[in-house]
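Structure record follows, encoded as structure tokens.
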Number of protein chains: 2
Amino acid sequence: MKKALLFLSLVSAPALAGEGKWTPQQVLELNPAELKKQGLQVPPQRLWDPKRGTGLLAGTVNVGGCSGAFISELGLVITNHHCAFPIIQEHSTPERDLISQGFLARSREEELPGKGARIQVPRAFTDVTGQMLAAVPAGADDLARHKALERKEKELIAECEKRPATRCIVSRFEGGLRFTLIDSVELTDSRLVYAPPRSVGEYGGEVDNWMWPRHTGDFAILRAYVAPDGSAAPYNAQNVPYKAEFFFPLATQGVKPDDFVMVLGYPGTTFRALLADEMAERQARYYPRVIDVYGEIIRILEAAGEKDPAGKIAVASNLKGLHNRHKNAGGQIAGLKRGHIVDKQRAAEEAVVAWARTRPAFAGALEARTGLLALREEGAKSFEHDLLLDTLAFSAKSTALSTRLARLSRERVKPDLEREPEFMDRELPRLKDWLEREQKNFFAPADKQVLLSLVRRAQALGEGERITAIDRYFGPVYSEKETAAKIEALYAGTKVLDLAERQKMAGETEAQLRARQDPLLDLGFALAAEIAVLKEARDRRSGANLRLRPEWRRAFLAHAGKPVAPDANGSLRVTFAKVKGYAPRDGILYTPQTTLAGVLEKNTGATPYDVPEKVLRAAEAQRFGAWKDARLKDVPVNFLSDADTTGGNSGSPTVNGKGQLVGVNFDRVWENVANDFGYNPDVARNVNVDVRYVLWLLDQVEDADALLRELGVRKGPQAKESR
Amino acid sequence: MKKALLFLSLVSAPALAGEGKWTPQQVLELNPAELKKQGLQVPPQRLWDPKRGTGLLAGTVNVGGCSGAFISELGLVITNHHCAFPIIQEHSTPERDLISQGFLARSREEELPGKGARIQVPRAFTDVTGQMLAAVPAGADDLARHKALERKEKELIAECEKRPATRCIVSRFEGGLRFTLIDSVELTDSRLVYAPPRSVGEYGGEVDNWMWPRHTGDFAILRAYVAPDGSAAPYNAQNVPYKAEFFFPLATQGVKPDDFVMVLGYPGTTFRALLADEMAERQARYYPRVIDVYGEIIRILEAAGEKDPAGKIAVASNLKGLHNRHKNAGGQIAGLKRGHIVDKQRAAEEAVVAWARTRPAFAGALEARTGLLALREEGAKSFEHDLLLDTLAFSAKSTALSTRLARLSRERVKPDLEREPEFMDRELPRLKDWLEREQKNFFAPADKQVLLSLVRRAQALGEGERITAIDRYFGPVYSEKETAAKIEALYAGTKVLDLAERQKMAGETEAQLRARQDPLLDLGFALAAEIAVLKEARDRRSGANLRLRPEWRRAFLAHAGKPVAPDANGSLRVTFAKVKGYAPRDGILYTPQTTLAGVLEKNTGATPYDVPEKVLRAAEAQRFGAWKDARLKDVPVNFLSDADTTGGNSGSPTVNGKGQLVGVNFDRVWENVANDFGYNPDVARNVNVDVRYVLWLLDQVEDADALLRELGVRKGPQAKESR
């Protein structure tokens, strides 16, 4: 790709730029002169003031697993369209189809409350490493170590959540080298203010997903509300807008190539602290199997949807998720190969090993590494069994629902702190939502086919990897006809797939459920028993990991001799970047910005390229308003930067050196998904909605007067009735 | 696409650059100062000296419908791999598979003579407009006009070809405004010197065809031989290398972006002199129907090949051609739309109309235009019938062969000058080659399906467009079962599909053929009769065109007031260009050069991306030799320029301002196929093999010592035995 350098500045800036999802605390430890040189115009303390719990990062919120940002004093939050989708869907009816048409509240009264839209605002980060480690009894074996740490975590959370409207987590860094208690305010009344039509918010659909160039307006605007006294409260008509202590002003001038930007948010999970062998296993076994298994399920759901329009709607949401993971798995394999990530990790690892050999203080790291390698080998033995059991408990709705009901009945009888985390009281509302929500995703003919496929796979497992529950119910040898007949009987004889009955079951004891003699429930109990065994093995390996990985990482970090950003773990981070394109392949350069002209260029009038009429009119008439970029001579739509993002960064504010919002992160490029294993500056690019596209839509397409005034973009007195 | 300009110089240079396939004579009429400014470093007279019939253009040869160039004093010719393919194929056996392995003659004795490899060297261009027009009798109707001009053309050719080893054509320019007699020497002993393995010469196959970025070594090297006295002669062991009066030295320094280049060669057919309505008809009816009909045939051949490995080989060559035309048709439609070519043509036309209205001298042009529009409407009436009849006479081997045999028997009894041109004595050797060659492309199960599809289409034609021969044999109404049974009977009862019998038939009279009572021959005679009727209608329209189009074009050219390059017609042309990339879509730039790294990047080890082992070894070891581009830091493989090319330019020499060979043209980009209707500088790009890739292969991969010495690239004494 070297030749690309002749044409575009594609070289990654040195030092901090690009690589690294820094924690709030780390930002304060980075070299401020270097940050300034790269383009940060505010002091690093403006990002995060740990004493007051405020700064740019306090304006960065968690929206149900996505990221988001306050953009007005009165609680307006911008996030991705796909993150706000549940609220949009909740209010859509065939008569008033907000999904297709989009939605704009022209006054505060018109804003639409969303049942499940919870917004968490970060408040404090407390190091609890000492308390966590002290909780492990001397001489504890690996299982006991895991359990002690899990227990302590639960206690810390319970204590923390005694404060009203508070949501806490204990985040693990570097495999357990540090633990941080993170305390957030949870705002439970948030309302939909603006959503573009789906054909703007999802323009390009599955085809463009992960693929530059993109032309998607993947954003929506919510508003957080609180009780009149300012405390967090569920929906109430008397509630008032949340007064955001920090919000991001919009950078109406936008960005240009090579501009400095930061992406703030809640990246989910990355794997950069894995050993080379662990990465290699994911590359060689895990992702190919994901492609295999999910690929087959995708074919089944698509074929079933072809034959039945109602079925097509039912499987749509699952298909979307499956496609996403399937495409991602392909990208991981390609990117690991392209970036030579395993080889690089191995070289880095060997350097640490050589370095540690001469330093007695790090002798433990070498043993720890050997231990981790042995642990991987042990886990590899039951790889196929474990993956298939997980899939049974997740991908066929029948076994997923019955297994969860079985586990719930067994867990609920335990004291809260002794339950598996997902069955603790604080999680039960989410579990109940799920039991209900899955009804509309259920389509029996497709689900039977999926189960058939998984049973066939189970019956093909080798000795020592058998799934007993499947063997018992379906016999050890696959016969399509026989298995299909047994599946028919299973579905015919169960009440689990009936929503009302299932909701009843969620309140019943194990004895009551057993007494139902429901064949699917019985299969669920049998699978649950095996899941419990698997879970114990995993807990034991987790305990071993918690013992070994910190030792290894301590040496790794000491050897690095400079700040190293830890793997993503769902906690708040910031990444520093530049706006820049890249060379995906020899002979091709991707420019870092796309425009309205490109939206029109892709328009076919049919999904996923069906530009809504009102957008088409404004774009074709070149009604650009104030949002035309002088150099592009058009309204910018999306842009790339080399920020270090991953899943969970969806909806992240992308801001300039002054802390003004220039965009909303919504995707990575396909060449960059293996970024989860290692940052490759040649292709590490995240995709952002340009704030000028947001403003152009609100201004030239929607004429969203009140909203634009609140955002400080339209001047003049605000209309009385809309404030 | 405007934004692209910020990054790459994509603006077309003014005036001569890019647009225009100039005739040798026109080159001398262009502004020499402008040519020099653009980069031509030799005087325009060096391109073509009409008195001596020499210059750069005399080094540009026609190789069986492709272009090619002399590159050594001793008759070495470089052209495309796909143009030399018949010779390569001729010498390939399962034991010595030159197609897969490639071929290098290490001495002159090893060079392989090719049966059908004819090389034509241009000698003279004579204006015969006066003689042609004088041949049309006063008061001739349109059919008589066509016939008189055709007859005169044949006479001029016959007279011209009385000289030994001479091949002549009369080329029509601007629809008959000018006629030029072109006289070439035909060298009939040419031998294969070097061909790369197919996986170099066709790297990327159908997938990459028309698609930048390309990484294809689409070239081969032949040598022309003559009798010891220097006269052209068929193969004879005593023959000696042809002494080329002009040849192109290789530019070992290659090209870089924005360099001036010229592409010389024999572009086939373009349609820029069509009226807007004529173009619109091609866009709206012709190309969509090509996609429809060829798309179905492609599906049939692919499905048949799936089931039978021998069948797959038999249909491969046809499939390649069909895919090419099918993809081309899609590109024509997309490019006509993207370039707004019809609208532009209409605007240009209207300007001429307005201009001519006030100029009595051009009053005839307005009437001529009206006449052409009426002619188009008349032709449109039988569009479906005509296209299907053509397809029957071409795409099903059974009807193609039998129709041709029938026509041959009827034509051969006429005096040579009265026959249809393709059945004149001078063409019979080619026709006989074809009758033989089609045997290996024949695969009965696929051919039956193709015929079934065409019969179904014929039976669906409307009143007044029926094909009587089909109605008579198959009945007027389609029934799959019945039609299939009749086709089975047709194939079972015929001897046309037997090579030996067919060759006999080619010598028989109509009476003998009729006496055979061969059902497929009978169908062939019935179709031939309808083709004769169609041909007469077309001849009449051709006569009308010859009457009307020159009038219209005379006004068009006068209005332009500057040199306008005529449509391509298979005659020798030159186009001036710059090396440059382009922006195919919003957010993407194509850089103008590709490299060995890109070859490796695409390599999957499987067709069409299976880099040969020896190439892989040299590329992976970065054994670049002297062929590394300092800026790309790699060996360049292909490059783009904005030359104005079309089919027939395959194998064209691409040369720098000094007349040195920098590449070999082999393709256009997909966005540019509608270039046949109008030059769109944003996307008009042709694709060239970089001469440094040629030299790298010969040097670092093949160690072709003798060849490199002859090309003046390796120094030192030439080895005795290889000269």
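Each chain of the structure tokens is named A, B, ... in the order shown, its residues numbered from 1; ligands are numbered from 1 in display order.
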TODO: Identify every residue of chain B that has at least one atom within 7 Å of any atom of chain A, counting only C-alpha atoms, and report the result as a ChimeraX atom specification.
DONE: /B:2-3,7,213,586-594,598,631-632
Open item on the list: According to DSSP computed on the backbone, where in stretch 47-272 of chain A is there alpha helix (DSSP H)? Give the residues as an MDAnalysis selection string.
Closed with: chainID A and resid 81:90 98:101 129:134 142:160 198:201 205:208
Open item on the list: I want to know what sits within 12 Å of B:Lys486, based on only C-alpha atoms, with residues of the same chain fewer than 3 positions away left out; could you give that as a VMD selection string?
Closed with: chain B and resid 448 451 to 452 455 470 472 to 475 478 to 483 489 to 493 519 to 520
Open item on the list: As an exercise, work out the distance from atom CA of B:Lys344 to atom CA of B:Ser641 in Å and give it to one decimal place.
Closed with: 23.5 Å
TODO: Compile the contact shell of stretch 157-164 of chain A as a ChimeraX atom specification: residues with an atom at most 10 Å away, counting only C-alpha atoms, same-chain residues fewer than 4 positions apart removed.
DONE: /A:151-153,168-170,181-186,231-233,417,426
With C-alpha atoms retained, could you export that selection as a PDB file, in the first residue's frame?
```
ATOM      1  CA  ARG A 151     -19.110 -12.226  45.082  1.00  0.00           C
ATOM      2  CA  LYS A 152     -17.091  -9.189  46.046  1.00  0.00           C
ATOM      3  CA  GLU A 153     -18.068  -7.519  42.798  1.00  0.00           C
ATOM      4  CA  CYS A 168     -22.778   0.556  39.093  1.00  0.00           C
ATOM      5  CA  ILE A 169     -20.355  -1.884  37.571  1.00  0.00           C
ATOM      6  CA  VAL A 170     -16.950  -3.207  38.520  1.00  0.00           C
ATOM      7  CA  LEU A 181     -15.984   0.621  40.462  1.00  0.00           C
ATOM      8  CA  ILE A 182     -17.887   2.831  38.029  1.00  0.00           C
ATOM      9  CA  ASP A 183     -20.867   4.706  39.334  1.00  0.00           C
ATOM     10  CA  SER A 184     -23.420   6.305  36.994  1.00  0.00           C
ATOM     11  CA  VAL A 185     -26.715   8.090  37.332  1.00  0.00           C
ATOM     12  CA  GLU A 186     -29.423   6.262  35.428  1.00  0.00           C
ATOM     13  CA  SER A 231     -33.742  13.605  40.645  1.00  0.00           C
ATOM     14  CA  ALA A 232     -33.875  10.732  38.175  1.00  0.00           C
ATOM     15  CA  ALA A 233     -37.366   9.279  37.894  1.00  0.00           C
ATOM     16  CA  LEU A 417     -25.886 -12.325  45.820  1.00  0.00           C
ATOM     17  CA  ARG A 426     -31.509  -6.070  39.308  1.00  0.00           C
TER      18      ARG A 426
END
```
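Those residues that approach stretch 389-394 of chain A to within 10 Å, counting only C-alpha atoms, are Val290, Val293, Tyr294, Glu384, His385, Asp386, Lys397, Ser398, Thr399, Ala400, Leu401, Ser402, Thr403, Arg404, Val450, Leu451, Leu454, Val455, Ala458, Arg466, Ile467, Ile470, Gly524, Leu527, Ala528, Glu530, Ile531 and Leu534 of chain A; same-chain residues fewer than 3 positions away are not listed.
Considering only C-alpha atoms, the residue among B:Ala273, B:Leu322, B:Val701, B:Ala380 positioned nearest to B:Val342 is B:Ala273.
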Open item on the list: Show me, as a PyMOL selection string, the residues that have an atom within 7 Å of stretch 678-683 of chain A when counting only C-alpha atoms, minus same-chain residues fewer than 5 positions from it.
Closed with: chain A and resi 12+19+272+339+341+582+671-672
TODO: Excluding B:Arg573 and any residue of its chain fewer than 6 positions from it, enumerate the residues within 6 Å of it, using only C-alpha atoms, and give them as a list in words.
DONE: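 Counting only the stated atoms, we get Lys21, Trp22, Thr23, Leu264 and Gly265 of chain B.
In this structure, atom CA of B:Pro360 sits 19.6 Å away from atom CA of B:Ala348.
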TODO: From stretch 113-158 of chain B, collect each residue whose DSSP state is strand (DSSP E or B) and return the set as a ChimeraX atom specification.
DONE: /B:113,119-127
Serialized selection, N, CA, C and O atoms, as a PDB file, in the first residue's frame:
```
ATOM      1  N   PRO B 113       5.323 -21.768 -35.092  1.00  0.00           N
ATOM      2  CA  PRO B 113       4.511 -21.167 -36.157  1.00  0.00           C
ATOM      3  C   PRO B 113       3.018 -21.315 -35.852  1.00  0.00           C
ATOM      4  O   PRO B 113       2.583 -22.332 -35.313  1.00  0.00           O
ATOM      5  N   ILE B 119      -0.486 -11.012 -39.712  1.00  0.00           N
ATOM      6  CA  ILE B 119      -0.126  -9.675 -39.252  1.00  0.00           C
ATOM      7  C   ILE B 119      -0.163  -8.723 -40.435  1.00  0.00           C
ATOM      8  O   ILE B 119       0.485  -8.969 -41.459  1.00  0.00           O
ATOM      9  N   GLN B 120      -0.946  -7.659 -40.306  1.00  0.00           N
ATOM     10  CA  GLN B 120      -1.046  -6.689 -41.399  1.00  0.00           C
ATOM     11  C   GLN B 120      -0.315  -5.413 -41.032  1.00  0.00           C
ATOM     12  O   GLN B 120      -0.573  -4.820 -39.995  1.00  0.00           O
ATOM     13  N   VAL B 121       0.590  -5.003 -41.964  1.00  0.00           N
ATOM     14  CA  VAL B 121       1.397  -3.808 -41.755  1.00  0.00           C
ATOM     15  C   VAL B 121       0.889  -2.731 -42.713  1.00  0.00           C
ATOM     16  O   VAL B 121       0.853  -2.969 -43.931  1.00  0.00           O
ATOM     17  N   PRO B 122       0.485  -1.561 -42.172  1.00  0.00           N
ATOM     18  CA  PRO B 122      -0.124  -0.556 -43.047  1.00  0.00           C
ATOM     19  C   PRO B 122       0.896   0.011 -44.044  1.00  0.00           C
ATOM     20  O   PRO B 122       2.061   0.200 -43.709  1.00  0.00           O
ATOM     21  N   ARG B 123       0.424   0.264 -45.272  1.00  0.00           N
ATOM     22  CA  ARG B 123       1.324   0.749 -46.305  1.00  0.00           C
ATOM     23  C   ARG B 123       0.854   2.071 -46.898  1.00  0.00           C
ATOM     24  O   ARG B 123       1.639   2.982 -47.085  1.00  0.00           O
ATOM     25  N   ALA B 124      -0.442   2.166 -47.202  1.00  0.00           N
ATOM     26  CA  ALA B 124      -0.907   3.405 -47.839  1.00  0.00           C
ATOM     27  C   ALA B 124      -2.378   3.653 -47.540  1.00  0.00           C
ATOM     28  O   ALA B 124      -3.168   2.714 -47.366  1.00  0.00           O
ATOM     29  N   PHE B 125      -2.734   4.934 -47.483  1.00  0.00           N
ATOM     30  CA  PHE B 125      -4.110   5.370 -47.281  1.00  0.00           C
ATOM     31  C   PHE B 125      -4.453   6.264 -48.472  1.00  0.00           C
ATOM     32  O   PHE B 125      -3.826   7.313 -48.656  1.00  0.00           O
ATOM     33  N   THR B 126      -5.409   5.844 -49.283  1.00  0.00           N
ATOM     34  CA  THR B 126      -5.734   6.613 -50.492  1.00  0.00           C
ATOM     35  C   THR B 126      -7.193   7.045 -50.437  1.00  0.00           C
ATOM     36  O   THR B 126      -8.075   6.208 -50.248  1.00  0.00           O
ATOM     37  N   ASP B 127      -7.419   8.345 -50.641  1.00  0.00           N
ATOM     38  CA  ASP B 127      -8.803   8.815 -50.655  1.00  0.00           C
ATOM     39  C   ASP B 127      -9.465   8.361 -51.945  1.00  0.00           C
ATOM     40  O   ASP B 127      -8.978   8.648 -53.039  1.00  0.00           O
TER      41      ASP B 127
END
```
- [ ] Could you check how far atom CA of A:Phe383 sits from atom CA of A:Pro288, in Å to one decimal?
- [x] 12.7 Å
